[in-house]
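Down below is the structure, laid out as structure tokens.
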Amino acid sequence: GSDVTLHNCLLRAEGTNDANFIDCLWGKDPCFYTVREDYYFDYRLRNESEAIGVGSAERVPQAARTDYYGNERLQERGVDIGAYVWIEQKEEEK
């Protein structure tokens with residue numbers, strides 16, 4: 001009974017798609033660089049994230065073609081789910 005819909009999202013919670021949750025990935029860990037105990041909140045994706053390349057290019061509006069760092073969202077591998085475009089990194093680089 002809500003007008004809110006989530007399209008093509010990665011959710012840690014278990015669930016199933018319905019009229020409000022469309023093409024979502026359920027029960028997945030986005031693998032952010034966040035370390036809650038240290039109050040370190042970095043929402044870039046780690047190399048092992050299941051959010052890499054599984055987003056929807058049709059859902060990227062012209063005004064959001066780049067992320068905060070200026071990285072182009074439309075990549076050959078696909079669009080990444082999340083606020084930032086995944087850039088492969090060595091794990092010691094954060």
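Labeling convention for the structure tokens: chains A, B, ... as they appear, residues from 1 per chain, ligands from 1 in order of appearance.
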Handout entry: Nearby residues (only C-alpha atoms) at most 9 Å from Ile81 in chain A, same-chain spacing under 5 positions excluded, as a PyMOL selection string
Key = chain A and resi 8-10+30+50-56
Please provide the set of residues having any atom within 6 Å of Trp26 in chain A, restricted to only C-alpha atoms, with same-chain residues fewer than 5 positions apart removed, written as a PDB file with all heavy atoms, in the first residue's frame.
```
ATOM      1  N   LEU A  11      20.100  -5.515  -1.132  1.00  0.00           N
ATOM      2  CA  LEU A  11      19.612  -5.418   0.239  1.00  0.00           C
ATOM      3  C   LEU A  11      20.207  -6.524   1.093  1.00  0.00           C
ATOM      4  O   LEU A  11      20.247  -7.683   0.668  1.00  0.00           O
ATOM      5  CB  LEU A  11      18.084  -5.519   0.253  1.00  0.00           C
ATOM      6  CG  LEU A  11      17.379  -4.482  -0.621  1.00  0.00           C
ATOM      7  CD1 LEU A  11      15.955  -4.894  -0.895  1.00  0.00           C
ATOM      8  CD2 LEU A  11      17.432  -3.124   0.031  1.00  0.00           C
ATOM      9  N   GLU A  14      16.696 -10.401   3.978  1.00  0.00           N
ATOM     10  CA  GLU A  14      16.114 -11.442   3.138  1.00  0.00           C
ATOM     11  C   GLU A  14      14.725 -10.986   2.715  1.00  0.00           C
ATOM     12  O   GLU A  14      14.015 -10.338   3.481  1.00  0.00           O
ATOM     13  CB  GLU A  14      16.010 -12.765   3.906  1.00  0.00           C
ATOM     14  CG  GLU A  14      17.358 -13.367   4.266  1.00  0.00           C
ATOM     15  CD  GLU A  14      18.164 -13.818   3.062  1.00  0.00           C
ATOM     16  OE1 GLU A  14      17.584 -14.098   1.991  1.00  0.00           O
ATOM     17  OE2 GLU A  14      19.402 -13.890   3.192  1.00  0.00           O
ATOM     18  N   GLY A  15      14.326 -11.301   1.516  1.00  0.00           N
ATOM     19  CA  GLY A  15      13.003 -10.934   1.032  1.00  0.00           C
ATOM     20  C   GLY A  15      12.819 -11.398  -0.393  1.00  0.00           C
ATOM     21  O   GLY A  15      13.641 -12.139  -0.935  1.00  0.00           O
TER      22      GLY A  15
END
```
Handout entry: Contacts of Phe21 in chain A at 10 Å (only C-alpha atoms; same-chain gap of 2+ positions) as an MDAnalysis selection string
Key = chainID A and resid 4:9 15:19 23:25
Handout entry: DSSP strand (DSSP E or B) residues within chain A, as JSON, numbers by chain
Key = {"A": [6, 7, 10, 11, 21, 22, 25, 26, 32, 35, 40, 45, 66, 72, 75, 78]}
I need the chosen residues saved as an mmCIF file, in the first residue's frame, with N, CA and C atoms.
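Writing done, so here's part06.cif:
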```
data_model
loop_
_atom_site.group_PDB
_atom_site.id
_atom_site.type_symbol
_atom_site.label_atom_id
_atom_site.label_comp_id
_atom_site.auth_asym_id
_atom_site.auth_seq_id
_atom_site.Cartn_x
_atom_site.Cartn_y
_atom_site.Cartn_z
ATOM 1 N N LEU A 6 11.478 0.343 -4.912
ATOM 2 C CA LEU A 6 12.931 0.213 -5.005
ATOM 3 C C LEU A 6 13.225 -0.663 -6.207
ATOM 4 N N HIS A 7 13.984 -0.122 -7.131
ATOM 5 C CA HIS A 7 14.351 -0.835 -8.350
ATOM 6 C C HIS A 7 15.837 -1.164 -8.309
ATOM 7 N N LEU A 10 20.512 -3.605 -3.929
ATOM 8 C CA LEU A 10 21.107 -4.702 -3.186
ATOM 9 C C LEU A 10 20.735 -4.501 -1.726
ATOM 10 N N LEU A 11 20.100 -5.515 -1.132
ATOM 11 C CA LEU A 11 19.612 -5.418 0.239
ATOM 12 C C LEU A 11 20.207 -6.524 1.093
ATOM 13 N N PHE A 21 9.315 -3.808 -4.623
ATOM 14 C CA PHE A 21 10.726 -4.171 -4.743
ATOM 15 C C PHE A 21 10.899 -4.878 -6.084
ATOM 16 N N ILE A 22 11.545 -4.204 -7.021
ATOM 17 C CA ILE A 22 11.622 -4.689 -8.398
ATOM 18 C C ILE A 22 13.076 -4.960 -8.768
ATOM 19 N N LEU A 25 18.389 -7.485 -5.373
ATOM 20 C CA LEU A 25 19.226 -8.592 -4.914
ATOM 21 C C LEU A 25 19.059 -8.679 -3.406
ATOM 22 N N TRP A 26 18.601 -9.817 -2.918
ATOM 23 C CA TRP A 26 18.260 -10.002 -1.505
ATOM 24 C C TRP A 26 19.325 -10.811 -0.775
ATOM 25 N N PHE A 32 31.103 -2.776 1.652
ATOM 26 C CA PHE A 32 31.647 -1.430 1.756
ATOM 27 C C PHE A 32 32.952 -1.469 2.552
ATOM 28 N N VAL A 35 33.829 0.482 8.617
ATOM 29 C CA VAL A 35 34.192 -0.230 9.845
ATOM 30 C C VAL A 35 33.440 0.489 10.973
ATOM 31 N N TYR A 40 34.200 4.501 10.897
ATOM 32 C CA TYR A 40 34.748 4.746 9.559
ATOM 33 C C TYR A 40 33.677 4.343 8.555
ATOM 34 N N LEU A 45 32.676 0.496 -2.937
ATOM 35 C CA LEU A 45 32.572 -0.964 -2.970
ATOM 36 C C LEU A 45 33.940 -1.621 -2.971
ATOM 37 N N THR A 66 27.810 10.650 -13.489
ATOM 38 C CA THR A 66 29.086 10.469 -12.798
ATOM 39 C C THR A 66 28.828 10.436 -11.292
ATOM 40 N N GLU A 72 32.554 7.879 -14.370
ATOM 41 C CA GLU A 72 31.417 7.584 -15.242
ATOM 42 C C GLU A 72 30.706 6.310 -14.782
ATOM 43 N N GLN A 75 29.650 1.782 -17.459
ATOM 44 C CA GLN A 75 30.893 1.064 -17.731
ATOM 45 C C GLN A 75 30.608 -0.130 -18.640
ATOM 46 N N GLY A 78 28.967 -2.949 -16.928
ATOM 47 C CA GLY A 78 27.628 -2.635 -16.441
ATOM 48 C C GLY A 78 27.681 -1.517 -15.422
#
```
Handout entry: Straight-line distance linking CA of Asn47 in chain A with CA of Asn20 in chain A, stated in Å to one decimal
Key = 29.3 Å
Handout entry: helix (DSSP H, G or I) positions in chain A, given as a ChimeraX atom specification
Key = /A:36-38,57-59,62-64
Go ahead and write the residues just picked, N, CA, C and O atoms, as a compact mmCIF listing (two decimals), in the first residue's frame.
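Okay, this is what ended up in part01.txt:
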```txt
# COMPACT_ATOMS: atom_id res chain seq x y z
N ARG A 36 32.26 -0.02 11.30
CA ARG A 36 31.40 0.66 12.28
C ARG A 36 32.07 0.88 13.63
O ARG A 36 31.92 1.94 14.24
N GLU A 37 32.80 -0.12 14.12
CA GLU A 37 33.43 0.00 15.44
C GLU A 37 34.38 1.18 15.51
O GLU A 37 34.59 1.78 16.57
N ASP A 38 34.99 1.54 14.38
CA ASP A 38 35.94 2.65 14.32
C ASP A 38 35.29 3.94 13.80
O ASP A 38 35.99 4.92 13.56
N ALA A 57 21.35 0.41 -16.43
CA ALA A 57 21.73 1.61 -17.17
C ALA A 57 20.52 2.49 -17.46
O ALA A 57 20.62 3.72 -17.50
N GLU A 58 19.34 1.87 -17.62
CA GLU A 58 18.12 2.63 -17.89
C GLU A 58 17.71 3.52 -16.71
O GLU A 58 16.98 4.47 -16.88
N ARG A 59 18.19 3.20 -15.53
CA ARG A 59 17.83 3.94 -14.32
C ARG A 59 18.84 5.03 -13.97
O ARG A 59 18.73 5.66 -12.92
N GLN A 62 20.54 11.47 -16.60
CA GLN A 62 21.64 12.27 -17.15
C GLN A 62 22.37 13.04 -16.06
O GLN A 62 23.59 13.12 -16.07
N ALA A 63 21.65 13.57 -15.08
CA ALA A 63 22.26 14.37 -14.02
C ALA A 63 23.12 13.53 -13.08
O ALA A 63 23.90 14.09 -12.30
N ALA A 64 23.01 12.21 -13.14
CA ALA A 64 23.79 11.34 -12.25
C ALA A 64 24.71 10.42 -13.04
O ALA A 64 25.03 9.31 -12.60
```
Completion exercise
What separates CA of Ile87 in chain A and CA of Tyr33 in chain A is a distance of 12.5 Å
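Among the candidates A:Gly27, A:Gly1, A:Gly70, A:Pro61, the residue lying nearest to Trp86 in chain A is A:Gly70 (atoms considered: only C-alpha atoms).
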Practice task
Using only C-alpha atoms, find the one residue out of A:Arg44, A:Arg65, A:Lys90, A:Arg12 that sits nearest to Lys28 in chain A.
Solution key: A:Arg12
